[in-house]
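Participant: Coordinates in query-v7.cif, mmCIF, C-alpha atoms, are listed below.
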data_coords
loop_
_atom_site.label_atom_id
_atom_site.label_comp_id
_atom_site.auth_asym_id
_atom_site.auth_seq_id
_atom_site.Cartn_x
_atom_site.Cartn_y
_atom_site.Cartn_z
CA MET A 1 29.54 -16.80 -29.56
CA SER A 2 32.60 -17.54 -31.77
CA ALA A 3 36.03 -16.04 -30.98
CA ALA A 4 35.98 -13.91 -34.16
CA LEU A 5 32.54 -12.48 -33.33
CA LEU A 6 33.60 -11.84 -29.72
CA ASP A 7 36.69 -9.93 -30.92
CA ALA A 8 34.51 -7.85 -33.23
CA TRP A 9 32.19 -6.86 -30.35
CA GLN A 10 35.17 -5.97 -28.10
CA GLN A 11 36.63 -3.74 -30.83
CA ARG A 12 33.25 -2.04 -31.22
CA LEU A 13 33.16 -1.29 -27.49
CA GLN A 14 36.69 0.15 -27.54
CA HIS A 15 36.26 2.29 -30.67
CA VAL A 16 32.52 2.89 -30.74
CA LYS A 17 31.28 5.58 -33.09
CA ILE A 18 27.89 6.84 -32.11
CA SER A 19 25.96 8.00 -35.15
CA GLU A 20 22.31 7.77 -34.02
CA PRO A 21 20.76 11.12 -32.93
CA GLY A 22 20.85 11.60 -29.14
CA VAL A 23 22.87 8.45 -28.48
CA CYS A 24 25.65 9.08 -25.97
CA GLY A 25 26.68 5.66 -24.63
CA VAL A 26 26.83 1.91 -25.21
CA LEU A 27 25.64 -1.21 -23.45
CA THR A 28 28.61 -3.11 -21.98
CA ARG A 29 27.23 -5.77 -19.68
CA VAL A 30 24.02 -7.57 -18.71
CA THR A 31 23.77 -9.33 -15.33
CA GLY A 32 20.30 -10.65 -14.68
CA MET A 33 18.00 -7.63 -14.68
CA LEU A 34 20.91 -5.22 -14.28
CA LEU A 35 22.30 -3.50 -17.39
CA ALA A 36 25.65 -1.67 -17.35
CA VAL A 37 26.37 1.12 -19.86
CA ARG A 38 29.31 3.43 -20.53
CA GLY A 39 29.39 6.97 -21.87
CA VAL A 40 26.10 8.01 -20.25
CA ARG A 41 25.98 10.88 -17.77
CA ALA A 42 22.66 10.77 -15.91
CA PRO A 43 21.57 11.03 -12.26
CA LEU A 44 19.74 8.44 -10.18
CA GLY A 45 16.12 8.20 -11.26
CA ALA A 46 16.79 9.33 -14.83
CA TYR A 47 15.35 7.35 -17.75
CA CYS A 48 17.39 6.03 -20.66
CA GLU A 49 16.60 4.04 -23.80
CA ILE A 50 18.77 1.22 -25.09
CA MET A 51 18.49 0.66 -28.85
CA ALA A 52 17.46 -2.88 -29.74
CA GLU A 53 18.49 -4.59 -32.96
CA LEU A 54 15.00 -6.03 -33.34
CA GLY A 55 11.84 -4.20 -32.31
CA ALA A 56 11.49 -1.12 -30.12
CA GLY A 57 14.13 0.11 -27.71
CA VAL A 58 14.16 -0.82 -24.03
CA VAL A 59 13.42 1.99 -21.56
CA CYS A 60 15.39 1.74 -18.30
CA GLU A 61 15.81 3.64 -15.06
CA VAL A 62 19.18 4.63 -13.58
CA VAL A 63 19.49 2.75 -10.27
CA GLY A 64 23.20 3.00 -9.43
CA PHE A 65 26.80 3.48 -10.51
CA ASP A 66 29.89 1.28 -10.61
CA GLY A 67 32.99 3.31 -11.44
CA GLU A 68 32.43 4.78 -14.89
CA GLU A 69 29.51 2.46 -15.58
CA VAL A 70 25.92 3.52 -15.08
CA MET A 71 23.63 0.73 -13.83
CA LEU A 72 20.16 0.51 -15.36
CA MET A 73 17.11 -1.65 -14.74
CA PRO A 74 14.53 -2.11 -17.54
CA LEU A 75 10.88 -1.15 -17.24
CA ALA A 76 9.80 -4.06 -19.45
CA LYS A 77 11.03 -7.40 -20.73
CA VAL A 78 14.49 -7.25 -22.29
CA GLN A 79 14.50 -8.49 -25.90
CA GLY A 80 16.71 -7.88 -28.90
CA LEU A 81 19.67 -6.32 -27.04
CA LEU A 82 23.22 -6.93 -28.25
CA PRO A 83 26.58 -5.88 -26.77
CA GLY A 84 27.48 -2.34 -27.81
CA ALA A 85 23.88 -1.26 -28.33
CA GLY A 86 23.50 2.51 -28.30
CA VAL A 87 22.06 4.25 -25.22
CA ARG A 88 20.43 7.67 -25.03
CA VAL A 89 19.06 9.70 -22.14
CA LEU A 90 15.31 10.33 -22.31
CA THR A 91 14.79 12.47 -19.21
CA LEU A 92 16.91 13.51 -16.24
CA THR A 93 14.02 13.71 -13.77
CA ALA A 94 10.99 11.46 -13.37
CA ARG A 95 7.71 13.35 -13.75
CA VAL A 96 4.18 12.00 -14.08
CA GLY A 97 0.97 13.45 -15.49
CA VAL A 98 -2.01 13.75 -13.13
CA GLY A 99 -5.48 15.23 -13.42
CA LYS A 100 -9.15 14.85 -12.66
CA GLU A 101 -9.61 12.60 -15.71
CA LEU A 102 -8.01 9.81 -13.66
CA LEU A 103 -11.22 9.42 -11.63
CA GLY A 104 -12.97 6.19 -12.53
CA ARG A 105 -9.95 4.86 -14.43
CA VAL A 106 -7.58 1.90 -14.09
CA VAL A 107 -4.02 2.63 -15.21
CA ASP A 108 -0.60 1.00 -15.01
CA GLY A 109 2.58 2.28 -13.42
CA LEU A 110 3.30 4.46 -16.47
CA GLY A 111 -0.16 6.05 -16.44
CA GLU A 112 -1.33 4.09 -19.50
CA PRO A 113 -4.98 2.90 -19.44
CA LEU A 114 -5.69 -0.72 -18.57
CA ASP A 115 -9.47 -0.41 -18.83
CA GLY A 116 -9.67 -0.09 -22.64
CA LYS A 117 -10.78 3.54 -22.48
CA PRO A 118 -9.08 6.46 -24.29
CA PRO A 119 -5.69 7.75 -23.08
CA ILE A 120 -5.75 10.22 -20.21
CA ASP A 121 -4.95 13.88 -20.89
CA PRO A 122 -3.08 15.10 -17.77
CA GLU A 123 -3.73 18.54 -16.32
CA VAL A 124 -0.26 18.96 -14.85
CA PHE A 125 3.05 17.13 -14.59
CA VAL A 126 4.49 16.68 -11.10
CA PRO A 127 7.64 15.03 -9.71
CA LEU A 128 7.27 11.29 -9.18
CA ARG A 129 8.82 11.58 -5.73
CA ALA A 130 7.61 14.69 -3.93
CA GLU A 131 9.88 16.79 -1.76
CA ARG A 132 9.91 16.15 1.96
CA ARG A 133 7.25 18.22 3.74
CA ASN A 134 7.97 20.34 6.80
CA PRO A 135 6.26 18.62 9.77
CA LEU A 136 5.10 22.01 11.08
CA GLU A 137 3.10 22.51 7.87
CA ARG A 138 0.82 19.62 8.81
CA SER A 139 -2.50 20.26 10.51
CA PRO A 140 -3.70 18.35 13.60
CA ILE A 141 -6.02 15.40 13.05
CA THR A 142 -9.37 16.29 14.60
CA GLU A 143 -12.03 14.94 12.22
CA VAL A 144 -13.24 11.35 11.91
CA LEU A 145 -13.06 9.56 8.57
CA ASP A 146 -16.09 7.30 8.30
CA VAL A 147 -15.12 4.07 6.49
CA GLY A 148 -18.55 2.44 6.78
CA VAL A 149 -17.22 -0.59 8.69
CA ARG A 150 -18.78 -0.87 12.15
CA ALA A 151 -15.87 -2.52 13.98
CA ILE A 152 -13.30 -0.02 12.65
CA ASN A 153 -15.47 3.05 13.21
CA ALA A 154 -16.20 2.09 16.81
CA PHE A 155 -13.01 0.49 18.15
CA LEU A 156 -10.30 1.66 15.72
CA THR A 157 -11.62 5.11 14.84
CA ILE A 158 -9.64 6.64 11.97
CA GLY A 159 -9.06 10.38 11.57
CA ARG A 160 -8.59 12.29 8.33
CA GLY A 161 -4.87 12.28 7.66
CA GLN A 162 -4.09 9.23 9.82
CA ARG A 163 -1.85 6.35 8.63
CA ILE A 164 -3.04 2.81 9.43
CA GLY A 165 -1.54 -0.61 8.71
CA LEU A 166 -3.80 -3.52 7.75
CA ILE A 167 -1.88 -6.65 8.75
CA SER A 168 -3.16 -9.92 7.34
CA GLY A 169 -2.15 -13.34 6.16
CA SER A 170 -3.27 -14.63 2.77
CA GLY A 171 -6.93 -15.53 2.34
CA VAL A 172 -8.21 -13.84 5.52
CA GLY A 173 -10.48 -11.27 3.83
CA LYS A 174 -8.10 -8.36 3.25
CA SER A 175 -9.37 -7.52 -0.24
CA MET A 176 -12.99 -7.77 0.86
CA LEU A 177 -12.38 -5.31 3.70
CA LEU A 178 -10.59 -2.91 1.35
CA GLY A 179 -13.53 -3.07 -1.03
CA MET A 180 -15.98 -2.26 1.75
CA MET A 181 -13.97 0.77 2.86
CA THR A 182 -13.63 1.96 -0.74
CA LYS A 183 -17.38 1.86 -1.35
CA PHE A 184 -18.58 3.12 2.03
CA THR A 185 -16.00 5.73 3.02
CA SER A 186 -16.90 9.39 3.44
CA ALA A 187 -13.67 10.44 1.67
CA ASP A 188 -14.04 12.55 -1.47
CA VAL A 189 -11.57 10.51 -3.56
CA VAL A 190 -10.13 7.01 -3.18
CA VAL A 191 -6.73 6.21 -4.72
CA ILE A 192 -5.82 2.52 -4.80
CA GLY A 193 -2.35 1.18 -5.57
CA MET A 194 -2.34 -2.55 -6.32
CA ILE A 195 1.35 -3.37 -6.26
CA GLY A 196 2.73 -6.84 -6.93
CA GLU A 197 -0.63 -8.61 -6.72
CA ARG A 198 -1.85 -11.34 -9.05
CA GLY A 199 -3.38 -10.15 -12.31
CA ARG A 200 -6.56 -12.11 -11.58
CA GLU A 201 -6.84 -10.42 -8.19
CA VAL A 202 -6.67 -6.99 -9.83
CA LEU A 203 -9.49 -7.99 -12.20
CA ASP A 204 -11.65 -9.38 -9.38
CA PHE A 205 -11.09 -6.34 -7.18
CA VAL A 206 -12.05 -3.86 -9.90
CA ASN A 207 -15.03 -5.75 -11.31
CA GLU A 208 -16.47 -7.48 -8.25
CA THR A 209 -15.14 -6.07 -4.98
CA LEU A 210 -15.03 -2.43 -6.05
CA GLY A 211 -17.87 -2.50 -8.56
CA PRO A 212 -19.26 0.40 -10.64
CA GLU A 213 -20.36 2.29 -7.53
CA GLY A 214 -16.90 2.27 -6.00
CA CYS A 215 -15.13 3.04 -9.29
CA ASP A 216 -16.88 6.38 -9.83
CA ARG A 217 -14.72 8.27 -7.33
CA ALA A 218 -11.69 5.95 -7.35
CA VAL A 219 -8.40 5.80 -9.20
CA VAL A 220 -6.74 2.37 -9.49
CA ILE A 221 -3.02 2.08 -10.30
CA ALA A 222 -2.11 -1.56 -10.95
CA ALA A 223 1.35 -3.12 -11.30
CA PRO A 224 0.93 -6.92 -11.03
CA GLY A 225 3.68 -9.23 -9.82
CA ASP A 226 4.88 -10.05 -13.34
CA CYS A 227 5.94 -6.41 -13.88
CA SER A 228 9.53 -5.27 -13.53
CA PRO A 229 10.47 -4.24 -9.96
CA VAL A 230 11.20 -0.78 -11.33
CA ILE A 231 7.64 -0.52 -12.66
CA ARG A 232 6.24 -1.72 -9.33
CA LEU A 233 8.19 0.97 -7.50
CA ARG A 234 7.18 3.60 -10.05
CA ALA A 235 3.52 2.61 -9.63
CA THR A 236 3.92 3.00 -5.86
CA HIS A 237 5.21 6.57 -6.16
CA TYR A 238 2.66 7.31 -8.89
CA THR A 239 -0.12 6.28 -6.50
CA CYS A 240 1.17 8.72 -3.90
CA ALA A 241 1.54 11.49 -6.53
CA VAL A 242 -2.09 11.07 -7.64
CA ALA A 243 -3.28 11.22 -4.02
CA GLU A 244 -1.19 14.37 -3.45
CA PHE A 245 -2.73 16.02 -6.52
CA PHE A 246 -6.28 15.56 -5.21
CA ARG A 247 -5.19 16.57 -1.69
CA ASP A 248 -3.83 19.84 -3.08
CA GLN A 249 -7.27 20.41 -4.64
CA GLY A 250 -8.65 20.50 -1.08
CA LYS A 251 -10.07 16.95 -1.24
CA ASN A 252 -10.08 14.40 1.57
CA VAL A 253 -8.34 11.41 -0.03
CA LEU A 254 -8.32 7.80 1.12
CA LEU A 255 -5.10 6.15 -0.07
CA LEU A 256 -5.10 2.33 -0.12
CA MET A 257 -1.72 0.72 -0.76
CA ASP A 258 -1.98 -3.02 -1.42
CA SER A 259 0.53 -4.12 -0.44
CA LEU A 260 3.45 -2.53 1.38
CA THR A 261 5.11 -5.95 1.57
CA ARG A 262 5.19 -6.29 -2.24
CA VAL A 263 6.67 -2.79 -2.47
CA ALA A 264 9.40 -3.92 -0.05
CA HIS A 265 10.04 -7.00 -2.21
CA ALA A 266 10.48 -4.81 -5.31
CA GLN A 267 12.90 -2.49 -3.52
CA ARG A 268 14.80 -5.52 -2.21
CA GLU A 269 15.22 -6.83 -5.77
CA VAL A 270 16.63 -3.50 -6.91
CA GLY A 271 18.84 -3.08 -3.85
CA LEU A 272 20.39 -6.53 -4.06
CA ALA A 273 20.97 -6.09 -7.81
CA VAL A 274 23.03 -2.93 -7.28
CA GLY A 275 25.05 -4.44 -4.43
CA GLU A 276 23.30 -3.33 -1.24
CA PRO A 277 24.09 -5.57 1.76
CA PRO A 278 21.15 -7.74 2.87
CA THR A 279 19.93 -7.48 6.45
CA THR A 280 16.99 -9.18 8.21
CA LYS A 281 15.35 -11.75 5.89
CA GLY A 282 17.40 -10.38 3.00
CA TYR A 283 15.82 -6.90 3.10
CA THR A 284 18.26 -4.13 2.22
CA PRO A 285 18.55 -0.87 4.23
CA SER A 286 16.87 1.10 1.42
CA VAL A 287 13.67 -0.94 1.97
CA PHE A 288 13.06 0.58 5.39
CA SER A 289 13.97 4.06 4.17
CA LEU A 290 11.42 3.68 1.36
CA ILE A 291 8.68 2.58 3.79
CA ASN A 292 9.27 5.67 5.93
CA GLU A 293 9.17 7.89 2.84
CA LEU A 294 5.90 6.40 1.56
CA ILE A 295 4.11 6.64 4.90
CA GLU A 296 5.21 10.24 5.45
CA ARG A 297 3.70 11.27 2.11
CA ALA A 298 0.25 10.77 3.65
CA GLY A 299 -1.25 13.11 6.23
CA SER A 300 -3.20 16.37 6.44
CA VAL A 301 -1.84 19.77 5.48
CA ALA A 302 -2.54 23.20 6.89
CA ALA A 303 -3.55 24.52 3.46
CA GLY A 304 -6.52 22.12 3.39
CA GLY A 305 -7.05 18.59 2.13
CA SER A 306 -5.76 15.36 3.59
CA ILE A 307 -4.50 11.90 2.68
CA THR A 308 -5.59 9.09 4.96
CA GLY A 309 -3.28 6.15 4.28
CA ILE A 310 -4.21 2.49 4.74
CA TYR A 311 -1.29 0.18 3.94
CA THR A 312 -1.81 -3.56 3.76
CA ILE A 313 1.01 -5.73 5.10
CA LEU A 314 1.21 -9.44 4.36
CA ALA A 315 2.09 -11.39 7.51
CA GLU A 316 4.23 -14.18 6.04
CA GLY A 317 3.28 -17.43 7.76
CA ASP A 318 0.76 -15.38 9.81
CA ASP A 319 3.73 -13.88 11.68
CA ALA A 320 2.66 -10.40 12.78
CA ASN A 321 6.29 -9.70 13.78
CA ASP A 322 7.59 -9.95 10.22
CA PRO A 323 10.32 -7.28 9.66
CA ILE A 324 8.11 -5.22 7.36
CA ALA A 325 5.10 -5.40 9.70
CA ASP A 326 7.26 -4.64 12.72
CA GLY A 327 9.04 -1.73 11.04
CA ALA A 328 5.88 -0.17 9.64
CA ARG A 329 3.95 -0.58 12.88
CA ALA A 330 6.53 1.60 14.66
CA ILE A 331 5.85 4.64 12.45
CA LEU A 332 2.16 4.15 11.63
CA ASP A 333 -0.64 5.73 13.67
CA GLY A 334 -2.20 2.37 14.38
CA HIS A 335 -2.80 -1.07 12.92
CA VAL A 336 -5.67 -3.47 12.22
CA LEU A 337 -4.87 -7.17 12.55
CA LEU A 338 -6.98 -9.72 10.68
CA SER A 339 -7.00 -13.09 12.46
CA ARG A 340 -7.06 -16.42 10.63
CA ASP A 341 -8.62 -18.07 13.70
CA LEU A 342 -11.55 -15.63 13.64
CA ALA A 343 -11.95 -16.13 9.90
CA ALA A 344 -12.08 -19.89 10.46
CA LEU A 345 -14.98 -19.30 12.88
CA GLY A 346 -16.87 -17.44 10.16
CA GLN A 347 -16.33 -13.91 11.49
CA TYR A 348 -15.97 -11.39 8.65
CA PRO A 349 -14.33 -8.98 8.74
CA ALA A 350 -11.98 -11.03 10.93
CA ILE A 351 -10.67 -8.06 12.94
CA ASP A 352 -9.00 -8.98 16.22
CA ILE A 353 -9.87 -5.88 18.25
CA ASN A 354 -7.89 -7.09 21.29
CA VAL A 355 -4.56 -6.63 19.49
CA SER A 356 -5.54 -3.89 17.02
CA ILE A 357 -5.18 -0.22 17.91
CA SER A 358 -5.75 3.29 16.62
CA ARG A 359 -3.47 5.75 18.41
CA LEU A 360 -5.79 8.67 17.72
CA ALA A 361 -9.11 7.03 18.61
CA ASN A 362 -9.40 8.56 22.09
CA ARG A 363 -8.88 12.03 20.61
CA LEU A 364 -11.64 11.56 18.03
CA ILE A 365 -14.52 10.11 20.06
CA SER A 366 -16.55 11.53 22.95
CA THR A 367 -16.40 10.51 26.62
CA GLU A 368 -19.63 8.50 26.35
CA GLN A 369 -18.34 6.67 23.29
CA ARG A 370 -15.03 5.88 25.04
CA THR A 371 -17.00 4.37 27.94
CA LEU A 372 -18.87 2.06 25.56
CA VAL A 373 -15.65 1.03 23.79
CA ARG A 374 -13.85 0.25 27.06
CA LYS A 375 -16.75 -1.87 28.32
CA PHE A 376 -16.96 -3.84 25.06
CA ARG A 377 -13.20 -4.47 25.04
CA ARG A 378 -13.27 -5.54 28.72
CA LEU A 379 -16.05 -8.05 28.10
CA MET A 380 -14.33 -9.47 25.00
CA ALA A 381 -10.98 -9.76 26.82
CA THR A 382 -12.63 -11.45 29.81
CA TRP A 383 -14.33 -13.98 27.54
CA GLU A 384 -11.10 -14.75 25.66
CA GLU A 385 -9.14 -15.25 28.90
CA ASN A 386 -11.68 -17.68 30.33
CA ARG A 387 -12.83 -19.43 27.16
CA ASP A 388 -11.09 -22.73 28.03
CA LEU A 389 -12.35 -22.64 31.61
CA VAL A 390 -15.94 -22.28 30.40
CA SER A 391 -15.52 -24.88 27.65
CA VAL A 392 -14.55 -27.66 30.09
CA GLY A 393 -17.39 -26.72 32.47
CA ALA A 394 -15.06 -25.65 35.29
CA TYR A 395 -16.60 -22.20 35.75
CA ARG A 396 -19.43 -21.60 38.25
CA VAL A 397 -21.84 -18.81 37.38
CA GLY A 398 -21.67 -15.95 39.87
CA THR A 399 -17.94 -16.21 40.54
CA ASN A 400 -16.92 -13.38 38.19
CA PRO A 401 -19.53 -10.67 37.39
CA ASP A 402 -17.66 -9.51 34.26
CA LEU A 403 -17.46 -13.07 32.92
CA ASP A 404 -21.12 -13.62 33.73
CA GLU A 405 -22.02 -10.57 31.66
CA ALA A 406 -19.67 -11.62 28.86
CA LEU A 407 -21.32 -15.07 28.74
CA GLN A 408 -24.75 -13.47 28.63
CA ARG A 409 -23.81 -11.13 25.78
CA LYS A 410 -21.17 -13.14 23.87
CA ASN A 411 -23.38 -13.82 20.84
CA ALA A 412 -24.44 -10.17 20.60
CA LEU A 413 -20.80 -9.05 20.96
CA ARG A 414 -19.67 -11.37 18.17
CA ASP A 415 -22.56 -10.34 15.92
CA PHE A 416 -21.62 -6.69 16.38
CA LEU A 417 -18.13 -7.36 15.00
CA MET A 418 -19.54 -9.10 11.91
CA GLN A 419 -20.81 -7.22 8.87
CA GLU A 420 -22.02 -8.22 5.42
CA VAL A 421 -20.03 -7.08 2.40
CA ASP A 422 -22.90 -4.96 1.05
CA GLU A 423 -23.93 -3.58 4.46
CA GLN A 424 -22.91 -0.01 5.27
CA VAL A 425 -22.91 1.24 8.86
CA ASP A 426 -22.00 4.87 9.37
CA PHE A 427 -20.09 6.27 12.35
CA SER A 428 -23.04 7.48 14.45
CA GLY A 429 -25.18 4.47 13.58
CA GLY A 430 -22.43 2.10 14.72
CA PHE A 431 -22.25 3.67 18.18
CA GLN A 432 -26.03 3.59 18.49
CA GLN A 433 -25.94 -0.15 17.79
CA LEU A 434 -23.08 -0.57 20.27
CA ALA A 435 -25.11 1.18 22.99
CA ARG A 436 -28.02 -1.21 22.37
CA VAL A 437 -25.72 -4.26 22.57
CA LEU A 438 -24.37 -3.16 25.94
CA SER A 439 -27.63 -1.83 27.39
#
Rewrite the coordinates I just gave you, this time as structure tokens.
Facilitator:
Amino acid sequence: MSAALLDAWQQRLQHVKISEPGVCGVLTRVTGMLLAVRGVRAPLGAYCEIMAELGAGVVCEVVGFDGEEVMLMPLAKVQGLLPGAGVRVLTLTARVGVGKELLGRVVDGLGEPLDGKPPIDPEVFVPLRAERRNPLERSPITEVLDVGVRAINAFLTIGRGQRIGLISGSGVGKSMLLGMMTKFTSADVVVIGMIGERGREVLDFVNETLGPEGCDRAVVIAAPGDCSPVIRLRATHYTCAVAEFFRDQGKNVLLLMDSLTRVAHAQREVGLAVGEPPTTKGYTPSVFSLINELIERAGSVAAGGSITGIYTILAEGDDANDPIADGARAILDGHVLLSRDLAALGQYPAIDINVSISRLANRLISTEQRTLVRKFRRLMATWEENRDLVSVGAYRVGTNPDLDEALQRKNALRDFLMQEVDEQVDFSGGFQQLARVLS
């Protein structure tokens, strides 16, 4: 930019005259994805529009403040902005439209259709981020949620209103397991948030993994990785808001968040941009606050209805002690770990039941069922501990009765943990099969 043109822009900033209707401020600075404006008075979470010289304006969210400057992050690609561009406030609070018309639809983080169908007419507008709920208003978790997956129903029994983490590396069958639970669950409504995933993966999940049968009672909110971090975060809260709407209708909702790690990445981008100090692996303190907030939005309420939350967590480098996995595991009601070693052996779903846990399972199953589960786990643990000893031929049959039984039943035990993608096994049927395996 020439010196004369630069002087002209500086004079415009110092003596700006706002003539456009509703415009109350000007753009002063652009640093990466962060836009600084002056003259705007708006709270955190408000939405503003910056007038572009060419094309439509750029809608942004207020993410922070620096002295008299308000810091914005755009919801879409920034094009056509010039210094001194006018800024106007669109809304002071973020609200989203929800309704029963969302069933069977695929929408983006703004609620706009992605499936080529007509726009959705919302029944009601609700706050994007719901108020914190009194913990005494929650109801105890006493009913089982059947997810149609034998290994989870039997060994990691999930209750209506429980929060579970699904920890997995890449390519271990996470999406396939989510698709099975979506199609086979006994929940009334399934709400799926696909946050930060590849666009191709969203297409495959909707068309192939979920299929027409699963779509009928599902709502899919997709914000692929090429979206702005603000849009990804908005889609995350929108997913929770949709689940809360159906819960308040008295429905039992299954909320699938794929993935919590990508949500943390989006919040880290925003936090670092506004000057938050990085902590472990560069994650900012607001990341862990956001995770707590999202998980607490699930649960059952005394007025009826429930949200059962399943949050996928990407184990970077197959490290199950990643900061996000470790932090989420501390506040979740259990976790399911998918093992790459089991997947390599052809076991799908590759659930490692020895290190997975549901903290409410003992409350939800009967004494007879607990006896079967303990025996199965004992045999599997005994086999894993002595696998090398047996492989080298150093074990003599008759030395350890538990190991002898595990060797006799090892193929049946492994087959019980495996399940075809199109095979549904309900809760009672799974325990009947388990009793036959151990009889």
Participant: Looking at A:Phe245, A:Met73, A:Ser228, A:Val253, which one is nearest to Val96 of chain A, with distances taken over only C-alpha atoms?
Facilitator: A:Phe245
Participant: As a check of understanding, name the residues that the PyMOL selection byres ((chain A and resi 285-288) around 6) selects in the supplied structure, as an mmCIF file with C-alpha atoms, in the frame of the given file.
Facilitator:
data_model
loop_
_atom_site.group_PDB
_atom_site.id
_atom_site.type_symbol
_atom_site.label_atom_id
_atom_site.label_comp_id
_atom_site.auth_asym_id
_atom_site.auth_seq_id
_atom_site.Cartn_x
_atom_site.Cartn_y
_atom_site.Cartn_z
ATOM 1 C CA ALA A 264 9.400 -3.920 -0.050
ATOM 2 C CA GLN A 267 12.900 -2.490 -3.520
ATOM 3 C CA THR A 284 18.260 -4.130 2.220
ATOM 4 C CA SER A 289 13.970 4.060 4.170
ATOM 5 C CA LEU A 290 11.420 3.680 1.360
ATOM 6 C CA ILE A 291 8.680 2.580 3.790
#
Participant: One decimal, Å: what's the distance from atom CA of Arg359 of chain A over to atom CA of Ala435 of chain A, could you say?
Facilitator: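 Atom CA of Ala435 of chain A lies 22.6 Å from atom CA of Arg359 of chain A.
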Participant: Show which residues sit within 6 Å of Val87 of chain A, as a compact mmCIF listing (two decimals) with C-alpha atoms, in the frame of the given file. Count only C-alpha atoms, and ignore same-chain residues fewer than 6 positions away.
Facilitator:
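Once written, part00.txt looks like this:
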# COMPACT_ATOMS: atom_id res chain seq x y z
CA VAL A 23 22.87 8.45 -28.48
CA GLY A 25 26.68 5.66 -24.63
CA VAL A 26 26.83 1.91 -25.21
CA GLU A 49 16.60 4.04 -23.80
CA ILE A 50 18.77 1.22 -25.09
Participant: Grab the atom CA of Glu420 of chain A to atom CA of Val189 of chain A distance for me, in Å with one decimal place.
Facilitator: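 Computed distance, atom CA of Glu420 of chain A to atom CA of Val189 of chain A, equals 23.3 Å.
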Participant: Between atom CA of Ile295 of chain A and atom CA of Ser428 of chain A, what is the distance, to one decimal in Å?
Facilitator: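 One can read the atom CA of Ile295 of chain A to atom CA of Ser428 of chain A distance as 28.8 Å.
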Participant: Using all atoms listed in the file, can you tell me which of A:Ser300, A:Thr236, A:Ser391, A:Asn362 comes closest to Thr261 of chain A?
Facilitator: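 Selected residue with least distance to Thr261 of chain A: A:Thr236.
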Participant: Give me the residues within 12 Å of segment 402-416 of chain A as an MDAnalysis selection string, counting all atoms listed in the file and dropping any in the same chain fewer than 2 places off.
Facilitator: chainID A and resid 149:155 342 345:353 373 375:387 389:391 395:400 418:420 425 430:439
Participant: Based on the selection just made, write C-alpha atoms of those residues as a short mmCIF file (atom, residue, chain, number, x, y, z; two decimals), keeping the file's coordinate frame.
Facilitator:
data_model
loop_
_atom_site.label_atom_id
_atom_site.label_comp_id
_atom_site.auth_asym_id
_atom_site.auth_seq_id
_atom_site.Cartn_x
_atom_site.Cartn_y
_atom_site.Cartn_z
CA VAL A 149 -17.22 -0.59 8.69
CA ARG A 150 -18.78 -0.87 12.15
CA ALA A 151 -15.87 -2.52 13.98
CA ILE A 152 -13.30 -0.02 12.65
CA ASN A 153 -15.47 3.05 13.21
CA ALA A 154 -16.20 2.09 16.81
CA PHE A 155 -13.01 0.49 18.15
CA LEU A 342 -11.55 -15.63 13.64
CA LEU A 345 -14.98 -19.30 12.88
CA GLY A 346 -16.87 -17.44 10.16
CA GLN A 347 -16.33 -13.91 11.49
CA TYR A 348 -15.97 -11.39 8.65
CA PRO A 349 -14.33 -8.98 8.74
CA ALA A 350 -11.98 -11.03 10.93
CA ILE A 351 -10.67 -8.06 12.94
CA ASP A 352 -9.00 -8.98 16.22
CA ILE A 353 -9.87 -5.88 18.25
CA VAL A 373 -15.65 1.03 23.79
CA LYS A 375 -16.75 -1.87 28.32
CA PHE A 376 -16.96 -3.84 25.06
CA ARG A 377 -13.20 -4.47 25.04
CA ARG A 378 -13.27 -5.54 28.72
CA LEU A 379 -16.05 -8.05 28.10
CA MET A 380 -14.33 -9.47 25.00
CA ALA A 381 -10.98 -9.76 26.82
CA THR A 382 -12.63 -11.45 29.81
CA TRP A 383 -14.33 -13.98 27.54
CA GLU A 384 -11.10 -14.75 25.66
CA GLU A 385 -9.14 -15.25 28.90
CA ASN A 386 -11.68 -17.68 30.33
CA ARG A 387 -12.83 -19.43 27.16
CA LEU A 389 -12.35 -22.64 31.61
CA VAL A 390 -15.94 -22.28 30.40
CA SER A 391 -15.52 -24.88 27.65
CA TYR A 395 -16.60 -22.20 35.75
CA ARG A 396 -19.43 -21.60 38.25
CA VAL A 397 -21.84 -18.81 37.38
CA GLY A 398 -21.67 -15.95 39.87
CA THR A 399 -17.94 -16.21 40.54
CA ASN A 400 -16.92 -13.38 38.19
CA MET A 418 -19.54 -9.10 11.91
CA GLN A 419 -20.81 -7.22 8.87
CA GLU A 420 -22.02 -8.22 5.42
CA VAL A 425 -22.91 1.24 8.86
CA GLY A 430 -22.43 2.10 14.72
CA PHE A 431 -22.25 3.67 18.18
CA GLN A 432 -26.03 3.59 18.49
CA GLN A 433 -25.94 -0.15 17.79
CA LEU A 434 -23.08 -0.57 20.27
CA ALA A 435 -25.11 1.18 22.99
CA ARG A 436 -28.02 -1.21 22.37
CA VAL A 437 -25.72 -4.26 22.57
CA LEU A 438 -24.37 -3.16 25.94
CA SER A 439 -27.63 -1.83 27.39
#
Participant: Nearest to Val355 of chain A among A:Pro140, A:Glu296, A:Leu156, A:Val270, with distances taken over only C-alpha atoms: which residue is it?
Facilitator: A:Leu156
Participant: Pick from A:Asp326, A:Glu143, A:Glu61, A:Glu131: nearest to Thr157 of chain A, with all atoms listed in the file counted?
Facilitator: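 Going through A:Asp326, A:Glu143, A:Glu61, A:Glu131 one by one, the smallest distance to Thr157 of chain A is for A:Glu143.
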